[in-house]
Amino acid sequence: MKTNADFEIYPIIAPSALSLKSINFYLVKKADALTLIDAGMNDDTCWNALQHTLKENDLNIGDIRDIWLTHHHGDHVGLVNKITARYPIPVYAHPKAVPRLKRDPDFLSMRIEFYKQLYLEMGCGELGDKQVAYLFNAVDHNKDQKLNGDIIGITEKHLFDFEVIEFPGHAPDQIAFLDPKGNRLLSGDLLIEHISSNALIEPDDKGNRMRTLVEHIDSLKRCLALQVDLLLPGHGNIIEQPSLLIEKRLNGIERKSQKILAMIENGISSGNELAKAFYRQKYVSQFPLVMSEIIGHLDYLEYQGKITKKVIGKVVHYQAM
Ligand SMILES: [Zn+2]
């Protein structure tokens, strides 16, 4: 891809029927060693895409020395168990990914309790209860998504010749891998060309709500400052000179925040009512995502001192300053 780099990067692009367009993961080759960065979904499409990229470039799956994960989401870690069952290679991820990937029972219970409390505070009623029940059932239903084997928490700023950069927001454990010589960034879901990446609300290790949108904005700004030539995302097209797109995303967030602030100024005060008014039909069909967006913006507006909150009954009501 670039001549002034020490590595070859081979994209693995698996088509996706979803709005994601494609599931992308990457093979990095240095001398004879291969590193797999992310591991797609656990399905035949991703497995075949991996095989295809290996074959096309005369590479061997047995030469993969390790797997690095940009974040814990299921469409980035899917093939890990299949690969490590055959080749017991180390898997690296952010330390915050570990309880999520190991599906730690205490962590999962805490996370459900977090959403229960959150939806109560936002005044979500029945849909909130339904989502909590769904999460509760998912603990059992998704138990085979647990990653087997050890996951090594990355605590250093470098992983071999790559710089490891924390970009929380979309996920609390999101990291990117910068190839400083090639000026290329393997960036997970920080920036996607055709859709804006969600800053999903998540609890921290102690069950407190993180300001995920504030973090996401900060991550985008830090990414912009890196001035990379090439961004290798988790979905959609590879992005050359991403600066303009990052600015577009930052502006989009500001515009949305202004709209939500205007709604609050007009007297819509709870998270649930704001989500309904802003998203209409999507409020029901995409309830958790929609709530995540609204709560993210409420936290962002509050962080900027533009709104304040008051608890009435059990529900938090927001007011413009
Ligand atoms: Zn993701």
# chains A, B, ... in the order shown; residues from 1 in each chain; ligands from 1
$ closest_atom_pairs --of "chain A" --to "ligand 1" --cutoff "8 Å" --atoms "only C-alpha atoms and all ligand atoms" --output "JSON lines"
{"residue": "A:His71", "atom": "CA", "partner": "ligand 1", "partner_atom_place_in_ligand_line": "1 (Zn)", "distance": 6.7}
{"residue": "A:His72", "atom": "CA", "partner": "ligand 1", "partner_atom_place_in_ligand_line": "1 (Zn)", "distance": 7.4}
{"residue": "A:His73", "atom": "CA", "partner": "ligand 1", "partner_atom_place_in_ligand_line": "1 (Zn)", "distance": 5.0}
{"residue": "A:Gly74", "atom": "CA", "partner": "ligand 1", "partner_atom_place_in_ligand_line": "1 (Zn)", "distance": 7.7}
{"residue": "A:Asp75", "atom": "CA", "partner": "ligand 1", "partner_atom_place_in_ligand_line": "1 (Zn)", "distance": 7.0}
{"residue": "A:His76", "atom": "CA", "partner": "ligand 1", "partner_atom_place_in_ligand_line": "1 (Zn)", "distance": 7.1}
{"residue": "A:His170", "atom": "CA", "partner": "ligand 1", "partner_atom_place_in_ligand_line": "1 (Zn)", "distance": 6.5}
{"residue": "A:Ala171", "atom": "CA", "partner": "ligand 1", "partner_atom_place_in_ligand_line": "1 (Zn)", "distance": 6.7}
{"residue": "A:Gly188", "atom": "CA", "partner": "ligand 1", "partner_atom_place_in_ligand_line": "1 (Zn)", "distance": 7.2}
{"residue": "A:Asp189", "atom": "CA", "partner": "ligand 1", "partner_atom_place_in_ligand_line": "1 (Zn)", "distance": 5.4}
{"residue": "A:Gly234", "atom": "CA", "partner": "ligand 1", "partner_atom_place_in_ligand_line": "1 (Zn)", "distance": 7.8}
$ write_last_selection --atoms "N, CA, C and O atoms" --output "mmCIF file, in the first residue's frame"
data_model
loop_
_atom_site.group_PDB
_atom_site.id
_atom_site.type_symbol
_atom_site.label_atom_id
_atom_site.label_comp_id
_atom_site.auth_asym_id
_atom_site.auth_seq_id
_atom_site.Cartn_x
_atom_site.Cartn_y
_atom_site.Cartn_z
ATOM 1 N N HIS A 71 -11.561 -3.383 19.569
ATOM 2 C CA HIS A 71 -12.553 -3.282 20.653
ATOM 3 C C HIS A 71 -13.348 -4.587 20.724
ATOM 4 O O HIS A 71 -13.209 -5.451 19.868
ATOM 5 N N HIS A 72 -14.184 -4.697 21.749
ATOM 6 C CA HIS A 72 -14.764 -5.997 22.088
ATOM 7 C C HIS A 72 -16.009 -6.375 21.292
ATOM 8 O O HIS A 72 -16.526 -7.480 21.456
ATOM 9 N N HIS A 73 -16.531 -5.516 20.446
ATOM 10 C CA HIS A 73 -17.814 -5.802 19.772
ATOM 11 C C HIS A 73 -17.747 -7.084 18.934
ATOM 12 O O HIS A 73 -16.714 -7.402 18.335
ATOM 13 N N GLY A 74 -18.896 -7.760 18.891
ATOM 14 C CA GLY A 74 -18.983 -9.085 18.277
ATOM 15 C C GLY A 74 -18.557 -9.156 16.821
ATOM 16 O O GLY A 74 -18.097 -10.203 16.350
ATOM 17 N N ASP A 75 -18.696 -8.046 16.093
ATOM 18 C CA ASP A 75 -18.317 -8.051 14.671
ATOM 19 C C ASP A 75 -16.827 -7.740 14.473
ATOM 20 O O ASP A 75 -16.380 -7.515 13.353
ATOM 21 N N HIS A 76 -16.082 -7.753 15.574
ATOM 22 C CA HIS A 76 -14.624 -7.537 15.496
ATOM 23 C C HIS A 76 -13.835 -8.694 16.104
ATOM 24 O O HIS A 76 -12.618 -8.721 15.991
ATOM 25 N N HIS A 170 -16.982 5.146 20.949
ATOM 26 C CA HIS A 170 -17.794 4.083 20.351
ATOM 27 C C HIS A 170 -17.823 2.870 21.293
ATOM 28 O O HIS A 170 -18.851 2.225 21.451
ATOM 29 N N ALA A 171 -16.702 2.567 21.880
ATOM 30 C CA ALA A 171 -16.595 1.531 22.918
ATOM 31 C C ALA A 171 -15.551 2.009 23.925
ATOM 32 O O ALA A 171 -14.592 2.671 23.537
ATOM 33 N N GLY A 188 -10.408 0.721 13.971
ATOM 34 C CA GLY A 188 -11.645 0.143 14.508
ATOM 35 C C GLY A 188 -12.854 0.911 13.998
ATOM 36 O O GLY A 188 -12.944 1.246 12.826
ATOM 37 N N ASP A 189 -13.786 1.244 14.904
ATOM 38 C CA ASP A 189 -15.011 1.931 14.484
ATOM 39 C C ASP A 189 -15.012 3.416 14.858
ATOM 40 O O ASP A 189 -16.067 4.021 15.005
ATOM 41 N N GLY A 234 -13.079 -0.291 10.482
ATOM 42 C CA GLY A 234 -13.706 -1.591 10.725
ATOM 43 C C GLY A 234 -14.854 -1.906 9.772
ATOM 44 O O GLY A 234 -15.299 -3.049 9.696
#
$ residues_around --residues "Glu121 in chain A" --least-positions-apart "2" --cutoff "6 Å" --atoms "only C-alpha atoms" --output "list in words"
Leu118, Tyr119, Gly123, Lys314, Val315 and Val316 of chain A
$ closest_residue --among "A:Gly62, A:Gly296, A:Pro172, A:Gly236" --to "Leu20 in chain A" --atoms "only C-alpha atoms"
A:Gly236
$ residues_around --residues "range 283-288 of chain A" --least-positions-apart "3" --cutoff "12 Å" --atoms "only C-alpha atoms" --output "MDAnalysis selection string"
chainID A and resid 115:116 118:119 124:132 134:135 198:202 271:280 291:296
$ write_last_selection --atoms "N, CA, C and O atoms" --output "short mmCIF file (atom, residue, chain, number, x, y, z; two decimals), in the first residue's frame"
data_model
loop_
_atom_site.label_atom_id
_atom_site.label_comp_id
_atom_site.auth_asym_id
_atom_site.auth_seq_id
_atom_site.Cartn_x
_atom_site.Cartn_y
_atom_site.Cartn_z
N TYR A 115 -28.13 -0.52 33.17
CA TYR A 115 -29.15 -0.12 32.19
C TYR A 115 -30.54 -0.02 32.83
O TYR A 115 -31.32 0.86 32.47
N LYS A 116 -30.81 -0.89 33.79
CA LYS A 116 -32.09 -0.85 34.50
C LYS A 116 -32.27 0.52 35.15
O LYS A 116 -33.29 1.19 34.99
N LEU A 118 -30.54 3.24 34.48
CA LEU A 118 -30.46 4.30 33.47
C LEU A 118 -31.82 4.53 32.80
O LEU A 118 -32.28 5.67 32.69
N TYR A 119 -32.47 3.44 32.38
CA TYR A 119 -33.76 3.59 31.69
C TYR A 119 -34.83 4.11 32.65
O TYR A 119 -35.75 4.82 32.23
N CYS A 124 -38.05 5.68 30.71
CA CYS A 124 -38.33 4.86 29.53
C CYS A 124 -39.50 3.88 29.67
O CYS A 124 -39.98 3.36 28.66
N GLY A 125 -39.95 3.61 30.87
CA GLY A 125 -41.13 2.74 31.03
C GLY A 125 -40.97 1.37 30.39
O GLY A 125 -39.92 0.73 30.50
N GLU A 126 -42.04 0.97 29.66
CA GLU A 126 -42.14 -0.39 29.14
C GLU A 126 -40.99 -0.79 28.22
O GLU A 126 -40.47 -1.90 28.33
N LEU A 127 -40.60 0.09 27.30
CA LEU A 127 -39.52 -0.27 26.37
C LEU A 127 -38.20 -0.48 27.11
O LEU A 127 -37.42 -1.35 26.74
N GLY A 128 -37.99 0.29 28.16
CA GLY A 128 -36.80 0.13 28.99
C GLY A 128 -36.81 -1.23 29.67
O GLY A 128 -35.82 -1.96 29.65
N ASP A 129 -37.98 -1.61 30.23
CA ASP A 129 -38.11 -2.92 30.89
C ASP A 129 -37.84 -4.05 29.90
O ASP A 129 -37.18 -5.03 30.23
N LYS A 130 -38.37 -3.86 28.68
CA LYS A 130 -38.20 -4.89 27.64
C LYS A 130 -36.72 -5.07 27.29
O LYS A 130 -36.24 -6.18 27.13
N GLN A 131 -36.02 -3.96 27.17
CA GLN A 131 -34.60 -4.00 26.81
C GLN A 131 -33.78 -4.66 27.94
O GLN A 131 -32.88 -5.44 27.67
N VAL A 132 -34.15 -4.36 29.19
CA VAL A 132 -33.44 -4.98 30.33
C VAL A 132 -33.69 -6.50 30.33
O VAL A 132 -32.75 -7.28 30.53
N TYR A 134 -34.31 -8.28 27.72
CA TYR A 134 -33.53 -8.79 26.59
C TYR A 134 -32.06 -8.99 26.99
O TYR A 134 -31.46 -10.03 26.71
N LEU A 135 -31.52 -8.00 27.69
CA LEU A 135 -30.12 -8.09 28.14
C LEU A 135 -29.93 -9.27 29.10
O LEU A 135 -28.94 -9.98 29.04
N ASN A 198 -21.53 5.34 16.21
CA ASN A 198 -22.26 5.65 17.44
C ASN A 198 -21.34 5.67 18.65
O ASN A 198 -20.48 4.81 18.79
N ALA A 199 -21.58 6.64 19.52
CA ALA A 199 -20.92 6.61 20.83
C ALA A 199 -21.90 5.90 21.76
O ALA A 199 -22.89 6.49 22.18
N LEU A 200 -21.66 4.66 22.04
CA LEU A 200 -22.62 3.86 22.80
C LEU A 200 -22.43 4.04 24.30
O LEU A 200 -21.31 3.98 24.81
N ILE A 201 -23.55 4.27 24.99
CA ILE A 201 -23.50 4.43 26.44
C ILE A 201 -23.11 3.09 27.10
O ILE A 201 -23.67 2.06 26.76
N GLU A 202 -22.15 3.16 27.98
CA GLU A 202 -21.67 1.95 28.67
C GLU A 202 -21.28 2.33 30.10
O GLU A 202 -20.89 3.48 30.34
N GLY A 271 -35.22 12.17 29.01
CA GLY A 271 -34.51 11.45 27.95
C GLY A 271 -35.46 10.71 27.04
O GLY A 271 -35.33 10.73 25.81
N ASN A 272 -36.44 10.05 27.65
CA ASN A 272 -37.39 9.26 26.88
C ASN A 272 -38.21 10.13 25.93
O ASN A 272 -38.36 9.81 24.74
N GLU A 273 -38.73 11.24 26.42
CA GLU A 273 -39.55 12.13 25.58
C GLU A 273 -38.71 12.75 24.47
O GLU A 273 -39.17 12.90 23.33
N LEU A 274 -37.48 13.09 24.78
CA LEU A 274 -36.58 13.64 23.77
C LEU A 274 -36.30 12.61 22.67
O LEU A 274 -36.33 12.92 21.48
N ALA A 275 -36.07 11.36 23.09
CA ALA A 275 -35.79 10.29 22.12
C ALA A 275 -36.98 10.08 21.19
O ALA A 275 -36.83 9.95 19.98
N LYS A 276 -38.18 10.09 21.78
CA LYS A 276 -39.40 9.91 20.98
C LYS A 276 -39.56 11.05 19.98
O LYS A 276 -39.85 10.84 18.82
N ALA A 277 -39.39 12.27 20.48
CA ALA A 277 -39.59 13.45 19.63
C ALA A 277 -38.53 13.53 18.53
O ALA A 277 -38.82 13.90 17.40
N PHE A 278 -37.33 13.15 18.86
CA PHE A 278 -36.23 13.29 17.90
C PHE A 278 -36.25 12.17 16.87
O PHE A 278 -36.04 12.39 15.68
N TYR A 279 -36.49 10.95 17.32
CA TYR A 279 -36.31 9.80 16.42
C TYR A 279 -37.61 9.20 15.88
O TYR A 279 -37.57 8.34 15.01
N ARG A 280 -38.75 9.58 16.41
CA ARG A 280 -40.06 9.08 15.95
C ARG A 280 -40.08 7.57 15.79
O ARG A 280 -39.90 6.87 16.78
N MET A 291 -31.65 5.66 22.49
CA MET A 291 -31.46 6.15 23.86
C MET A 291 -30.00 6.52 24.10
O MET A 291 -29.69 7.52 24.74
N SER A 292 -29.12 5.68 23.57
CA SER A 292 -27.69 5.92 23.72
C SER A 292 -27.31 7.28 23.12
O SER A 292 -26.56 8.05 23.73
N GLU A 293 -27.84 7.57 21.94
CA GLU A 293 -27.55 8.84 21.27
C GLU A 293 -28.04 10.02 22.10
O GLU A 293 -27.32 10.99 22.34
N ILE A 294 -29.30 9.92 22.53
CA ILE A 294 -29.90 11.03 23.29
C ILE A 294 -29.14 11.25 24.61
O ILE A 294 -28.78 12.38 24.96
N ILE A 295 -28.89 10.18 25.33
CA ILE A 295 -28.20 10.30 26.62
C ILE A 295 -26.79 10.87 26.41
O ILE A 295 -26.32 11.71 27.16
N GLY A 296 -26.14 10.41 25.34
CA GLY A 296 -24.81 10.94 25.00
C GLY A 296 -24.86 12.45 24.83
O GLY A 296 -24.00 13.18 25.35
#
$ closest_residue --among "A:Met210, A:Leu120, A:Val91, A:Ile37" --to "Ser187 in chain A" --atoms "only C-alpha atoms"
A:Ile37
$ closest_residue --among "A:Leu190, A:Ile12, A:Leu101, A:Ala176" --to "Thr45 in chain A" --atoms "only C-alpha atoms"
A:Ile12
$ closest_residue --among "A:Lys306, A:His317, A:Lys82, A:His297" --to "Arg211 in chain A" --atoms "only C-alpha atoms"
A:His297
$ atom_distance --atom1 "CA of Asp218 in chain A" --atom2 "CA of Lys282 in chain A"
27.2 Å
$ select_by_dssp --residues "range 54-207 of chain A" --states "helix (DSSP H, G or I)" --output "ChimeraX atom specification"
/A:54-56,61-63,74-77,80-86,97-101,105-121,125-141,143-145
$ write_last_selection --atoms "C-alpha atoms" --output "PDB file, in the first residue's frame"
ATOM      1  CA  LEU A  54      -4.484 -15.369   2.697  1.00  0.00           C
ATOM      2  CA  LYS A  55      -4.562 -17.331  -0.558  1.00  0.00           C
ATOM      3  CA  GLU A  56      -4.451 -14.325  -2.859  1.00  0.00           C
ATOM      4  CA  ILE A  61      -2.967 -18.997   8.451  1.00  0.00           C
ATOM      5  CA  GLY A  62      -0.350 -20.888  10.493  1.00  0.00           C
ATOM      6  CA  ASP A  63       1.936 -17.861  10.201  1.00  0.00           C
ATOM      7  CA  GLY A  74     -18.983  -9.085  18.277  1.00  0.00           C
ATOM      8  CA  ASP A  75     -18.317  -8.051  14.671  1.00  0.00           C
ATOM      9  CA  HIS A  76     -14.624  -7.537  15.496  1.00  0.00           C
ATOM     10  CA  VAL A  77     -13.836 -10.666  17.506  1.00  0.00           C
ATOM     11  CA  VAL A  80     -10.955 -15.528  17.483  1.00  0.00           C
ATOM     12  CA  ASN A  81     -12.141 -18.814  19.029  1.00  0.00           C
ATOM     13  CA  LYS A  82     -12.052 -20.645  15.712  1.00  0.00           C
ATOM     14  CA  ILE A  83      -8.477 -19.528  15.063  1.00  0.00           C
ATOM     15  CA  THR A  84      -7.109 -19.972  18.591  1.00  0.00           C
ATOM     16  CA  ALA A  85      -8.680 -23.442  18.869  1.00  0.00           C
ATOM     17  CA  ARG A  86      -6.354 -24.543  16.071  1.00  0.00           C
ATOM     18  CA  ALA A  97     -12.115  -5.375  26.918  1.00  0.00           C
ATOM     19  CA  VAL A  98     -11.184  -8.348  29.096  1.00  0.00           C
ATOM     20  CA  PRO A  99     -14.301  -8.682  31.368  1.00  0.00           C
ATOM     21  CA  ARG A 100     -16.482  -7.998  28.314  1.00  0.00           C
ATOM     22  CA  LEU A 101     -14.779 -10.603  26.118  1.00  0.00           C
ATOM     23  CA  PRO A 105     -20.695 -12.912  35.237  1.00  0.00           C
ATOM     24  CA  ASP A 106     -20.204 -10.151  37.847  1.00  0.00           C
ATOM     25  CA  PHE A 107     -19.498  -7.612  35.143  1.00  0.00           C
ATOM     26  CA  LEU A 108     -22.541  -8.675  33.088  1.00  0.00           C
ATOM     27  CA  SER A 109     -24.853  -8.446  36.145  1.00  0.00           C
ATOM     28  CA  MET A 110     -23.489  -5.015  36.978  1.00  0.00           C
ATOM     29  CA  ARG A 111     -24.034  -3.922  33.358  1.00  0.00           C
ATOM     30  CA  ILE A 112     -27.679  -5.043  33.380  1.00  0.00           C
ATOM     31  CA  GLU A 113     -28.270  -3.227  36.678  1.00  0.00           C
ATOM     32  CA  PHE A 114     -26.678  -0.139  35.106  1.00  0.00           C
ATOM     33  CA  TYR A 115     -29.152  -0.123  32.189  1.00  0.00           C
ATOM     34  CA  LYS A 116     -32.094  -0.849  34.495  1.00  0.00           C
ATOM     35  CA  GLN A 117     -31.241   2.211  36.550  1.00  0.00           C
ATOM     36  CA  LEU A 118     -30.457   4.295  33.465  1.00  0.00           C
ATOM     37  CA  TYR A 119     -33.758   3.591  31.687  1.00  0.00           C
ATOM     38  CA  LEU A 120     -35.611   4.287  34.921  1.00  0.00           C
ATOM     39  CA  GLU A 121     -33.879   7.670  35.268  1.00  0.00           C
ATOM     40  CA  GLY A 125     -41.133   2.739  31.033  1.00  0.00           C
ATOM     41  CA  GLU A 126     -42.145  -0.388  29.136  1.00  0.00           C
ATOM     42  CA  LEU A 127     -39.521  -0.270  26.374  1.00  0.00           C
ATOM     43  CA  GLY A 128     -36.804   0.130  28.993  1.00  0.00           C
ATOM     44  CA  ASP A 129     -38.113  -2.917  30.892  1.00  0.00           C
ATOM     45  CA  LYS A 130     -38.202  -4.891  27.644  1.00  0.00           C
ATOM     46  CA  GLN A 131     -34.597  -4.004  26.811  1.00  0.00           C
ATOM     47  CA  VAL A 132     -33.444  -4.976  30.329  1.00  0.00           C
ATOM     48  CA  ALA A 133     -35.239  -8.341  29.954  1.00  0.00           C
ATOM     49  CA  TYR A 134     -33.526  -8.785  26.587  1.00  0.00           C
ATOM     50  CA  LEU A 135     -30.115  -8.092  28.137  1.00  0.00           C
ATOM     51  CA  PHE A 136     -30.892 -10.528  30.932  1.00  0.00           C
ATOM     52  CA  ASN A 137     -31.758 -13.310  28.459  1.00  0.00           C
ATOM     53  CA  ALA A 138     -28.730 -12.475  26.329  1.00  0.00           C
ATOM     54  CA  VAL A 139     -26.396 -13.468  29.185  1.00  0.00           C
ATOM     55  CA  ASP A 140     -27.398 -17.092  28.708  1.00  0.00           C
ATOM     56  CA  HIS A 141     -28.123 -16.905  25.000  1.00  0.00           C
ATOM     57  CA  LYS A 143     -22.613 -17.425  26.457  1.00  0.00           C
ATOM     58  CA  ASP A 144     -20.774 -19.153  23.592  1.00  0.00           C
ATOM     59  CA  GLN A 145     -19.544 -15.737  22.455  1.00  0.00           C
TER      60      GLN A 145
END
$ closest_atom_pairs --of "range 21-129 of chain A" --to "range 162-167 of chain A" --cutoff "12 Å" --atoms "only C-alpha atoms" --output "JSON lines"
{"residue": "A:Val28", "atom": "CA", "partner": "A:Phe162", "partner_atom": "CA", "distance": 10.8}
{"residue": "A:Lys30", "atom": "CA", "partner": "A:Phe162", "partner_atom": "CA", "distance": 11.6}
{"residue": "A:Thr35", "atom": "CA", "partner": "A:Phe162", "partner_atom": "CA", "distance": 11.5}
{"residue": "A:Ile37", "atom": "CA", "partner": "A:Phe162", "partner_atom": "CA", "distance": 11.7}
{"residue": "A:Trp68", "atom": "CA", "partner": "A:Val164", "partner_atom": "CA", "distance": 10.6}
{"residue": "A:Leu69", "atom": "CA", "partner": "A:Val164", "partner_atom": "CA", "distance": 11.2}
{"residue": "A:Thr70", "atom": "CA", "partner": "A:Glu166", "partner_atom": "CA", "distance": 9.4}
{"residue": "A:His71", "atom": "CA", "partner": "A:Phe167", "partner_atom": "CA", "distance": 9.9}
{"residue": "A:Tyr92", "atom": "CA", "partner": "A:Val164", "partner_atom": "CA", "distance": 11.3}
{"residue": "A:Ala93", "atom": "CA", "partner": "A:Val164", "partner_atom": "CA", "distance": 10.3}
{"residue": "A:His94", "atom": "CA", "partner": "A:Glu166", "partner_atom": "CA", "distance": 8.5}
{"residue": "A:Pro95", "atom": "CA", "partner": "A:Glu166", "partner_atom": "CA", "distance": 11.2}
{"residue": "A:Lys96", "atom": "CA", "partner": "A:Glu166", "partner_atom": "CA", "distance": 11.1}
$ write_last_selection --atoms "C-alpha atoms" --output "PDB file, in the first residue's frame"
ATOM      1  CA  VAL A  28      -0.207  -7.175   8.887  1.00  0.00           C
ATOM      2  CA  LYS A  30       6.387  -8.119   8.801  1.00  0.00           C
ATOM      3  CA  THR A  35      -0.626 -10.312  12.877  1.00  0.00           C
ATOM      4  CA  ILE A  37      -6.000  -7.083  13.534  1.00  0.00           C
ATOM      5  CA  TRP A  68      -4.934  -7.643  18.182  1.00  0.00           C
ATOM      6  CA  LEU A  69      -8.444  -6.373  18.840  1.00  0.00           C
ATOM      7  CA  THR A  70      -9.533  -2.756  18.351  1.00  0.00           C
ATOM      8  CA  HIS A  71     -12.553  -3.282  20.653  1.00  0.00           C
ATOM      9  CA  TYR A  92      -4.212  -8.632  22.731  1.00  0.00           C
ATOM     10  CA  ALA A  93      -6.862  -6.057  23.662  1.00  0.00           C
ATOM     11  CA  HIS A  94      -7.414  -3.042  25.925  1.00  0.00           C
ATOM     12  CA  PRO A  95      -7.642  -4.148  29.596  1.00  0.00           C
ATOM     13  CA  LYS A  96     -11.256  -2.876  29.655  1.00  0.00           C
TER      14      LYS A  96
END
$ residues_around --residues "Ile307 in chain A" --least-positions-apart "5" --cutoff "7 Å" --atoms "only C-alpha atoms" --output "list in words"
Leu301, Glu302, Tyr318, Gln319, Ala320 and Met321 of chain A
$ write_last_selection --atoms "all heavy atoms" --output "JSON list (two decimals), in the first residue's frame"
[["chain", "number", "residue", "atom", "x", "y", "z"],
["A", 301, "LEU", "N", -24.26, 18.12, 26.57],
["A", 301, "LEU", "CA", -24.82, 19.46, 26.83],
["A", 301, "LEU", "C", -24.61, 19.86, 28.29],
["A", 301, "LEU", "O", -24.29, 21.02, 28.60],
["A", 301, "LEU", "CB", -26.32, 19.48, 26.49],
["A", 301, "LEU", "CG", -26.66, 19.44, 24.99],
["A", 301, "LEU", "CD1", -28.14, 19.13, 24.77],
["A", 301, "LEU", "CD2", -26.29, 20.78, 24.31],
["A", 302, "GLU", "N", -24.77, 18.88, 29.18],
["A", 302, "GLU", "CA", -24.57, 19.15, 30.60],
["A", 302, "GLU", "C", -23.09, 19.47, 30.87],
["A", 302, "GLU", "O", -22.78, 20.41, 31.61],
["A", 302, "GLU", "CB", -25.01, 17.93, 31.41],
["A", 302, "GLU", "CG", -25.19, 18.23, 32.89],
["A", 302, "GLU", "CD", -25.42, 16.97, 33.71],
["A", 302, "GLU", "OE1", -25.46, 15.85, 33.16],
["A", 302, "GLU", "OE2", -25.56, 17.12, 34.94],
["A", 318, "TYR", "N", -34.41, 17.55, 32.38],
["A", 318, "TYR", "CA", -33.37, 18.50, 31.95],
["A", 318, "TYR", "C", -34.00, 19.83, 31.62],
["A", 318, "TYR", "O", -35.13, 19.92, 31.16],
["A", 318, "TYR", "CB", -32.62, 17.94, 30.75],
["A", 318, "TYR", "CG", -31.80, 16.72, 31.09],
["A", 318, "TYR", "CD1", -32.36, 15.44, 31.06],
["A", 318, "TYR", "CD2", -30.46, 16.86, 31.48],
["A", 318, "TYR", "CE1", -31.60, 14.32, 31.38],
["A", 318, "TYR", "CE2", -29.70, 15.73, 31.80],
["A", 318, "TYR", "CZ", -30.28, 14.47, 31.75],
["A", 318, "TYR", "OH", -29.53, 13.36, 32.08],
["A", 319, "GLN", "N", -33.21, 20.88, 31.86],
["A", 319, "GLN", "CA", -33.67, 22.24, 31.62],
["A", 319, "GLN", "C", -32.51, 23.03, 31.02],
["A", 319, "GLN", "O", -31.35, 22.82, 31.40],
["A", 319, "GLN", "CB", -33.98, 22.86, 32.99],
["A", 319, "GLN", "CG", -35.29, 23.56, 33.06],
["A", 319, "GLN", "CD", -35.58, 24.03, 34.48],
["A", 319, "GLN", "OE1", -34.77, 23.85, 35.40],
["A", 319, "GLN", "NE2", -36.72, 24.64, 34.63],
["A", 320, "ALA", "N", -32.84, 23.92, 30.07],
["A", 320, "ALA", "CA", -31.77, 24.74, 29.48],
["A", 320, "ALA", "C", -31.30, 25.76, 30.51],
["A", 320, "ALA", "O", -32.08, 26.21, 31.35],
["A", 320, "ALA", "CB", -32.29, 25.45, 28.25],
["A", 321, "MET", "N", -30.01, 26.08, 30.48],
["A", 321, "MET", "CA", -29.46, 27.07, 31.43],
["A", 321, "MET", "C", -29.79, 28.48, 30.98],
["A", 321, "MET", "O", -29.81, 28.78, 29.81],
["A", 321, "MET", "CB", -27.94, 26.91, 31.49],
["A", 321, "MET", "CG", -27.49, 25.61, 32.11],
["A", 321, "MET", "SD", -27.70, 25.56, 33.88],
["A", 321, "MET", "CE", -26.16, 26.29, 34.42]]
$ closest_atom_pairs --of "range 237-279 of chain A" --to "range 191-194 of chain A" --cutoff "12 Å" --atoms "only C-alpha atoms" --output "CSV"
residue,atom,partner,partner_atom,distance
A:Asn237,CA,A:Glu193,CA,6.4
A:Ile238,CA,A:Glu193,CA,7.9
A:Ile239,CA,A:Glu193,CA,6.9
A:Glu240,CA,A:Glu193,CA,10.1
A:Gln241,CA,A:Glu193,CA,11.5
A:Pro242,CA,A:Leu191,CA,8.7
A:Ser243,CA,A:Leu191,CA,10.6
A:Leu244,CA,A:Glu193,CA,10.8
A:Leu245,CA,A:Glu193,CA,7.4
A:Ile246,CA,A:Leu191,CA,7.4
A:Glu247,CA,A:Leu191,CA,10.9
A:Lys248,CA,A:Glu193,CA,10.5
A:Arg249,CA,A:Leu191,CA,8.5
A:Leu250,CA,A:Leu191,CA,10.8
$ write_last_selection --atoms "C-alpha atoms" --output "tab-separated table (two decimals), in the first residue's frame"
chain	number	residue	atom	x	y	z
A	237	ASN	CA	-14.28	1.97	2.43
A	238	ILE	CA	-10.68	2.62	3.36
A	239	ILE	CA	-10.35	6.37	3.93
A	240	GLU	CA	-7.58	8.44	2.38
A	241	GLN	CA	-6.81	11.81	4.00
A	242	PRO	CA	-9.57	11.50	6.63
A	243	SER	CA	-9.38	15.10	7.97
A	244	LEU	CA	-12.37	16.46	6.06
A	245	LEU	CA	-14.54	13.53	7.04
A	246	ILE	CA	-13.58	13.92	10.72
A	247	GLU	CA	-14.52	17.60	10.57
A	248	LYS	CA	-17.81	16.68	8.94
A	249	ARG	CA	-18.56	14.20	11.73
A	250	LEU	CA	-17.67	16.75	14.44
$ select_by_dssp --residues "range 29-185 of chain A" --states "strand (DSSP E or B)" --output "number ranges by chain"
A: 29-30, 33-37, 64-68, 91-93, 151-153, 158-159, 162-166, 175-179, 184-185
$ atom_distance --atom1 "CA of Ile64 in chain A" --atom2 "CA of Ser197 in chain A"
29.3 Å
$ residues_around --residues "Arg184 in chain A" --least-positions-apart "6" --cutoff "10 Å" --atoms "only C-alpha atoms" --output "PyMOL selection string"
chain A and resi 1-2+5+9+162+177-178+226-232+240-241
$ atom_distance --atom1 "CA of Asp161 in chain A" --atom2 "CA of Asp179 in chain A"
7.1 Å
$ closest_residue --among "A:Lys21, A:Lys102, A:Lys181, A:Arg65" --to "Leu36 in chain A" --atoms "only C-alpha atoms"
A:Arg65
$ closest_residue --among "A:Pro233, A:His216, A:Lys146, A:Asp6" --to "Pro180 in chain A" --atoms "only C-alpha atoms"
A:Asp6
